[in-house]
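One structure is given here, and the rest of the page talks about it.
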Amino acid sequence: MTETVALVTGANRGLGREFVAQLVERGARKIYATTRQPGKVSLLEQLGAPGQVEALVVDITDPATVEAAAAAAADVNLLINNAGIATATNLLTGDVGRIRAEMDTHFWGTLDMTRAFAPVLASNGGGTIMNVMSLLSFRSYPGNGAYAAAKAAEWQLTNSTRLELADQGTHVMGVHLSSTDTDMMKGWDIPKNDPRVIISDVLDALVKGSHEFLDADTQAVKDQLSLPPEAFYAGMGPFA
């Protein structure tokens, strides 16, 4: 990966930080690590050798900062759309602002990043876009309706942009993960992926040219998508 110039959104913690750390270990030429928090800039830049990691302040829900990032990182050939939120909000009874925030982040934010960086990637030979999603791209659970709807929208965004960007030689990769041991999942007493192991597996799949990466639990759920609702959602809602 010595010729890789990557931009990773949501890089100040969790999966994003792990992506940056492992890209450094694999010898990426440069990594732009984005955060919404200006105070995290110097800490992020310490993850690599001098000049290897450059931190940018980017809020993917703010088009002005997205466009500024595309202008500042004109040498990027790998865009990792990792930034996300999880509000644990129901669609019918939850706060509408929180529901909109999920869609603004996972769908509109990812789309804005993709639209801004597509010309950059084209000018650099095509490159790759990786969108980090979830098991909930395929299945909803009570209490997570907003997140599941937004991730399902991001999945179709990924499928659509893969087709639309093919002519310019841009590879689009979807990553769908079940619970992973990051700050976002702190407090959930459930089995979780080791972030170091799972990100290593994701980057190995990227090198192989995979269009999609799913961990074992997510693959098991996706394999059931053809089932009727009463089987797919057995034990929940009207099927309890």
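Numbering starts fresh at 1 for the residues of each chain in the structure tokens, the chains themselves are lettered A, B, ... in the order given, and ligands are numbered from 1 as they appear.
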Give me the residues near Asn12 in chain A as a ChimeraX atom specification, where near means some atom within 9 Å (using only C-alpha atoms) and where sequence neighbours in that chain fewer than 4 positions away do not count. /A:16-17,33-37,40-41,43-44
Let me see the file: selected residues, N, CA, C and O atoms, as a short mmCIF file (atom, residue, chain, number, x, y, z; two decimals), in the first residue's frame.
data_model
loop_
_atom_site.label_atom_id
_atom_site.label_comp_id
_atom_site.auth_asym_id
_atom_site.auth_seq_id
_atom_site.Cartn_x
_atom_site.Cartn_y
_atom_site.Cartn_z
N GLY A 16 -12.32 4.45 12.84
CA GLY A 16 -11.58 5.41 12.04
C GLY A 16 -10.14 5.52 12.49
O GLY A 16 -9.21 5.52 11.67
N ARG A 17 -9.93 5.61 13.78
CA ARG A 17 -8.57 5.68 14.32
C ARG A 17 -7.80 4.41 13.99
O ARG A 17 -6.60 4.45 13.67
N ALA A 33 -6.56 12.34 8.02
CA ALA A 33 -7.43 11.86 9.09
C ALA A 33 -8.36 12.99 9.49
O ALA A 33 -7.90 14.05 9.92
N THR A 34 -9.67 12.79 9.33
CA THR A 34 -10.59 13.89 9.60
C THR A 34 -11.29 13.72 10.95
O THR A 34 -11.53 12.62 11.42
N THR A 35 -11.59 14.86 11.53
CA THR A 35 -12.29 14.92 12.81
C THR A 35 -13.12 16.18 12.84
O THR A 35 -12.80 17.16 12.17
N ARG A 36 -14.20 16.15 13.63
CA ARG A 36 -14.99 17.37 13.83
C ARG A 36 -14.40 18.23 14.94
O ARG A 36 -14.85 19.36 15.16
N GLN A 37 -13.40 17.71 15.66
CA GLN A 37 -12.88 18.38 16.85
C GLN A 37 -11.47 18.93 16.59
O GLN A 37 -10.51 18.16 16.52
N LYS A 40 -8.35 17.60 18.39
CA LYS A 40 -7.81 16.26 18.13
C LYS A 40 -6.76 16.26 17.02
O LYS A 40 -6.15 15.21 16.76
N VAL A 41 -6.56 17.38 16.35
CA VAL A 41 -5.69 17.41 15.18
C VAL A 41 -4.28 16.95 15.50
O VAL A 41 -3.72 16.06 14.84
N LEU A 43 -3.11 15.24 17.97
CA LEU A 43 -3.05 13.84 18.42
C LEU A 43 -3.12 12.88 17.23
O LEU A 43 -2.41 11.86 17.19
N LEU A 44 -3.96 13.19 16.27
CA LEU A 44 -4.06 12.33 15.09
C LEU A 44 -2.76 12.33 14.30
O LEU A 44 -2.33 11.28 13.80
#
All helix (DSSP H, G or I) residues (DSSP, backbone) inside range 3-240 of chain A, as a PyMOL selection string: chain A and resi 14-25+38-45+63-72+96-123+135-137+145-164+166-168+183-185+195-208+216-222+229-232+237-239
For Ala149 in chain A: contacts at 8 Å, only C-alpha atoms, fewer than 5 positions along chain excluded, given as a PyMOL selection string: chain A and resi 103+137+140
Residues of range 47-136 of chain A that have any atom at most 12 Å from an atom of range 158-162 of chain A: could you tabulate them with the shortest-distance atom pair and the distance in Å to one decimal, using only C-alpha atoms, ordered by chain and increasing number, as a Markdown table?
| residue | atom | partner | partner_atom | distance |
| --- | --- | --- | --- | --- |
| A:Asn81 | CA | A:Thr158 | CA | 10.6 |
| A:His106 | CA | A:Thr158 | CA | 11.1 |
| A:Phe107 | CA | A:Thr158 | CA | 9.7 |
| A:Thr110 | CA | A:Thr158 | CA | 9.3 |
| A:Leu111 | CA | A:Thr161 | CA | 9.0 |
| A:Asp112 | CA | A:Thr161 | CA | 11.9 |
| A:Met113 | CA | A:Thr161 | CA | 11.9 |
| A:Thr114 | CA | A:Thr161 | CA | 8.4 |
| A:Arg115 | CA | A:Thr161 | CA | 9.4 |
| A:Ala118 | CA | A:Thr161 | CA | 9.8 |
| A:Gly126 | CA | A:Arg162 | CA | 11.9 |
| A:Thr128 | CA | A:Arg162 | CA | 9.9 |
| A:Ile129 | CA | A:Arg162 | CA | 8.9 |
| A:Met130 | CA | A:Thr158 | CA | 8.7 |
| A:Asn131 | CA | A:Thr158 | CA | 7.0 |
| A:Val132 | CA | A:Thr158 | CA | 9.8 |
| A:Met133 | CA | A:Thr158 | CA | 9.7 |
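Each of A:Leu157, A:Val207, A:Ala72, A:Ile199 was compared to Thr2 in chain A using only C-alpha atoms, and A:Val207 turns out to be the nearest.
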Taking the DSSP assignment computed from this structure's backbone, write out as a ChimeraX atom specification all residues of range 5-211 of chain A that belong to strand (DSSP E). /A:5-8,30-35,53-57,78-81,128-134,171-177
Residues at most 9 Å from Asn124 in chain A, counting only C-alpha atoms, excluding those fewer than 5 positions away in the same chain, as a compact mmCIF listing (two decimals) with all heavy atoms, in the first residue's frame?
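Final output, result01.txt:
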# COMPACT_ATOMS: atom_id res chain seq x y z
N ALA A 74 -6.21 16.82 -2.64
CA ALA A 74 -6.39 16.58 -4.07
C ALA A 74 -5.58 15.40 -4.59
O ALA A 74 -5.70 15.03 -5.77
CB ALA A 74 -6.02 17.83 -4.85
N ASP A 75 -4.77 14.78 -3.74
CA ASP A 75 -3.97 13.63 -4.16
C ASP A 75 -4.55 12.29 -3.67
O ASP A 75 -3.93 11.24 -3.84
CB ASP A 75 -2.53 13.77 -3.67
CG ASP A 75 -2.42 14.09 -2.17
OD1 ASP A 75 -3.45 14.41 -1.55
OD2 ASP A 75 -1.29 14.03 -1.64
N VAL A 76 -5.75 12.31 -3.11
CA VAL A 76 -6.34 11.10 -2.54
C VAL A 76 -6.67 10.07 -3.61
O VAL A 76 -7.21 10.40 -4.67
CB VAL A 76 -7.62 11.47 -1.74
CG1 VAL A 76 -8.52 10.26 -1.51
CG2 VAL A 76 -7.24 12.11 -0.41
N ASN A 77 -6.35 8.79 -3.33
CA ASN A 77 -6.80 7.69 -4.19
C ASN A 77 -7.58 6.63 -3.43
O ASN A 77 -7.99 5.62 -4.00
CB ASN A 77 -5.63 7.06 -4.96
CG ASN A 77 -4.48 6.61 -4.07
OD1 ASN A 77 -4.69 6.18 -2.94
ND2 ASN A 77 -3.27 6.71 -4.58
N PRO A 119 -14.43 13.45 -8.51
CA PRO A 119 -13.50 14.05 -9.48
C PRO A 119 -12.04 13.93 -9.06
O PRO A 119 -11.16 13.79 -9.92
CB PRO A 119 -13.95 15.51 -9.54
CG PRO A 119 -15.33 15.54 -8.98
CD PRO A 119 -15.36 14.45 -7.96
Shortest interatomic distance to Thr93 in chain A - which of A:Ala146, A:Ala11, A:Ala234, A:Val24, counting only C-alpha atoms: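 That would be A:Ala146, the residue with the smallest distance to Thr93 in chain A.
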Write out as a CSV table (one decimal) with all heavy atoms, in the first residue's frame which residues come within 12 Å of Asp201 in chain A when counting only C-alpha atoms, dropping same-chain ones fewer than 6 positions away.
chain,number,residue,atom,x,y,z
A,19,PHE,N,-8.3,2.4,11.4
A,19,PHE,CA,-8.0,2.5,10.0
A,19,PHE,C,-6.7,3.3,9.8
A,19,PHE,O,-5.8,2.9,9.0
A,19,PHE,CB,-9.1,3.2,9.2
A,19,PHE,CG,-10.1,2.2,8.6
A,19,PHE,CD1,-11.5,2.3,9.0
A,19,PHE,CD2,-9.8,1.2,7.7
A,19,PHE,CE1,-12.4,1.5,8.5
A,19,PHE,CE2,-10.8,0.4,7.2
A,19,PHE,CZ,-12.1,0.5,7.6
A,22,GLN,N,-3.6,1.4,11.1
A,22,GLN,CA,-3.2,0.2,10.3
A,22,GLN,C,-2.7,0.7,8.9
A,22,GLN,O,-1.8,0.0,8.3
A,22,GLN,CB,-4.3,-0.8,10.2
A,22,GLN,CG,-4.5,-1.4,11.5
A,22,GLN,CD,-5.3,-2.8,11.4
A,22,GLN,OE1,-5.1,-3.5,10.5
A,22,GLN,NE2,-6.0,-3.1,12.5
A,175,VAL,N,-18.5,-2.2,3.3
A,175,VAL,CA,-18.1,-2.9,4.5
A,175,VAL,C,-19.2,-2.9,5.5
A,175,VAL,O,-19.7,-1.9,5.9
A,175,VAL,CB,-16.9,-2.2,5.2
A,175,VAL,CG1,-16.5,-2.9,6.5
A,175,VAL,CG2,-15.7,-2.3,4.2
A,177,LEU,N,-20.4,-4.4,9.2
A,177,LEU,CA,-19.9,-5.1,10.4
A,177,LEU,C,-21.0,-5.2,11.4
A,177,LEU,O,-21.8,-4.3,11.6
A,177,LEU,CB,-18.7,-4.2,10.9
A,177,LEU,CG,-17.6,-4.0,10.0
A,177,LEU,CD1,-16.5,-3.1,10.7
A,177,LEU,CD2,-16.9,-5.3,9.6
A,193,ASN,N,-16.7,-7.7,17.8
A,193,ASN,CA,-15.4,-7.9,17.0
A,193,ASN,C,-14.3,-7.1,17.7
A,193,ASN,O,-14.5,-6.1,18.3
A,193,ASN,CB,-15.6,-7.3,15.6
A,193,ASN,CG,-16.6,-8.0,14.8
A,193,ASN,OD1,-16.6,-9.2,14.8
A,193,ASN,ND2,-17.3,-7.3,14.0
A,194,ASP,N,-13.1,-7.7,17.6
A,194,ASP,CA,-11.9,-7.0,18.0
A,194,ASP,C,-11.6,-6.0,16.8
A,194,ASP,O,-11.3,-6.4,15.7
A,194,ASP,CB,-10.7,-8.0,18.1
A,194,ASP,CG,-9.4,-7.3,18.5
A,194,ASP,OD1,-9.2,-6.1,18.2
A,194,ASP,OD2,-8.6,-8.0,19.2
A,195,PRO,N,-11.6,-4.7,17.1
A,195,PRO,CA,-11.4,-3.7,16.0
A,195,PRO,C,-10.1,-3.9,15.2
A,195,PRO,O,-10.0,-3.7,14.0
A,195,PRO,CB,-11.5,-2.3,16.6
A,195,PRO,CG,-11.3,-2.6,18.1
A,195,PRO,CD,-11.8,-4.0,18.4
A,207,VAL,N,-7.2,-4.9,-0.5
A,207,VAL,CA,-6.0,-5.2,-1.4
A,207,VAL,C,-6.4,-6.2,-2.5
A,207,VAL,O,-5.9,-6.2,-3.6
A,207,VAL,CB,-4.9,-5.7,-0.5
A,207,VAL,CG1,-3.7,-6.2,-1.4
A,207,VAL,CG2,-4.3,-4.5,0.3
A,208,LYS,N,-7.3,-7.2,-2.1
A,208,LYS,CA,-7.7,-8.2,-3.1
A,208,LYS,C,-8.7,-7.7,-4.1
A,208,LYS,O,-9.1,-8.4,-5.0
A,208,LYS,CB,-8.3,-9.4,-2.3
A,208,LYS,CG,-7.3,-10.1,-1.4
A,208,LYS,CD,-8.1,-11.2,-0.6
A,208,LYS,CE,-7.1,-11.9,0.3
A,208,LYS,NZ,-7.8,-12.9,1.2
A,210,SER,N,-11.9,-6.7,-3.4
A,210,SER,CA,-13.3,-7.1,-3.0
A,210,SER,C,-14.3,-5.9,-3.2
A,210,SER,O,-13.9,-4.8,-2.9
A,210,SER,CB,-13.4,-7.6,-1.6
A,210,SER,OG,-12.5,-8.8,-1.4
A,212,GLU,N,-17.2,-6.2,-1.5
A,212,GLU,CA,-17.9,-6.2,-0.3
A,212,GLU,C,-17.2,-7.0,0.7
A,212,GLU,O,-16.6,-8.0,0.4
A,212,GLU,CB,-19.3,-6.7,-0.5
A,212,GLU,CG,-20.3,-6.5,0.6
A,212,GLU,CD,-21.8,-6.8,0.2
A,212,GLU,OE1,-22.0,-8.0,-0.1
A,212,GLU,OE2,-22.6,-5.9,0.1
A,213,PHE,N,-17.3,-6.5,2.0
A,213,PHE,CA,-16.7,-7.3,3.1
A,213,PHE,C,-17.8,-7.4,4.2
A,213,PHE,O,-18.4,-6.3,4.6
A,213,PHE,CB,-15.5,-6.6,3.7
A,213,PHE,CG,-15.0,-7.3,5.0
A,213,PHE,CD1,-14.0,-8.3,4.8
A,213,PHE,CD2,-15.5,-7.1,6.2
A,213,PHE,CE1,-13.6,-9.0,6.0
A,213,PHE,CE2,-15.1,-7.7,7.3
A,213,PHE,CZ,-14.1,-8.7,7.2
A,214,LEU,N,-18.1,-8.6,4.6
A,214,LEU,CA,-19.1,-8.8,5.7
A,214,LEU,C,-18.4,-9.7,6.8
A,214,LEU,O,-17.8,-10.7,6.4
A,214,LEU,CB,-20.4,-9.4,5.2
A,214,LEU,CG,-21.2,-8.6,4.2
A,214,LEU,CD1,-20.8,-8.9,2.8
A,214,LEU,CD2,-22.7,-9.0,4.4
A,215,ASP,N,-18.5,-9.4,8.0
A,215,ASP,CA,-18.1,-10.3,9.0
A,215,ASP,C,-19.1,-11.5,9.1
A,215,ASP,O,-20.1,-11.5,8.5
A,215,ASP,CB,-17.9,-9.6,10.4
A,215,ASP,CG,-19.1,-9.0,11.0
A,215,ASP,OD1,-20.2,-9.4,10.7
A,215,ASP,OD2,-19.0,-8.2,11.9
A,216,ALA,N,-18.8,-12.5,9.9
A,216,ALA,CA,-19.5,-13.7,9.9
A,216,ALA,C,-21.0,-13.5,10.3
A,216,ALA,O,-21.9,-14.0,9.7
A,216,ALA,CB,-18.9,-14.8,10.8
Within 7 Å of Leu135 in chain A, counting only C-alpha atoms, which residues show up once you throw out same-chain ones fewer than 3 positions away? Write them as a list of chain:residue names, please. A:Phe138, A:Arg139, A:His176, A:Leu177, A:Ser178, A:Thr218
Pick out the closest residue to Ala71 in chain A from this set: A:Ala220, A:Ala116, A:Ala49, A:Ala166. Count only C-alpha atoms.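 Checking each of A:Ala220, A:Ala116, A:Ala49, A:Ala166 against Ala71 in chain A, counting only C-alpha atoms, the winner is A:Ala116.
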Just give me the gap between CA of Asp59 in chain A and CA of Val120 in chain A in Å, one decimal is fine. 18.8 Å
Separation of CA of Ala86 in chain A from CA of Tyr147 in chain A, in Å and rounded to one decimal: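 The value is 6.3 Å.
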Show which residues sit within 10 Å of Asp62 in chain A, as JSON, numbers by chain. Count only C-alpha atoms, and ignore same-chain residues fewer than 4 positions away. {"A": [58, 66, 67, 104, 105, 108, 109, 112]}
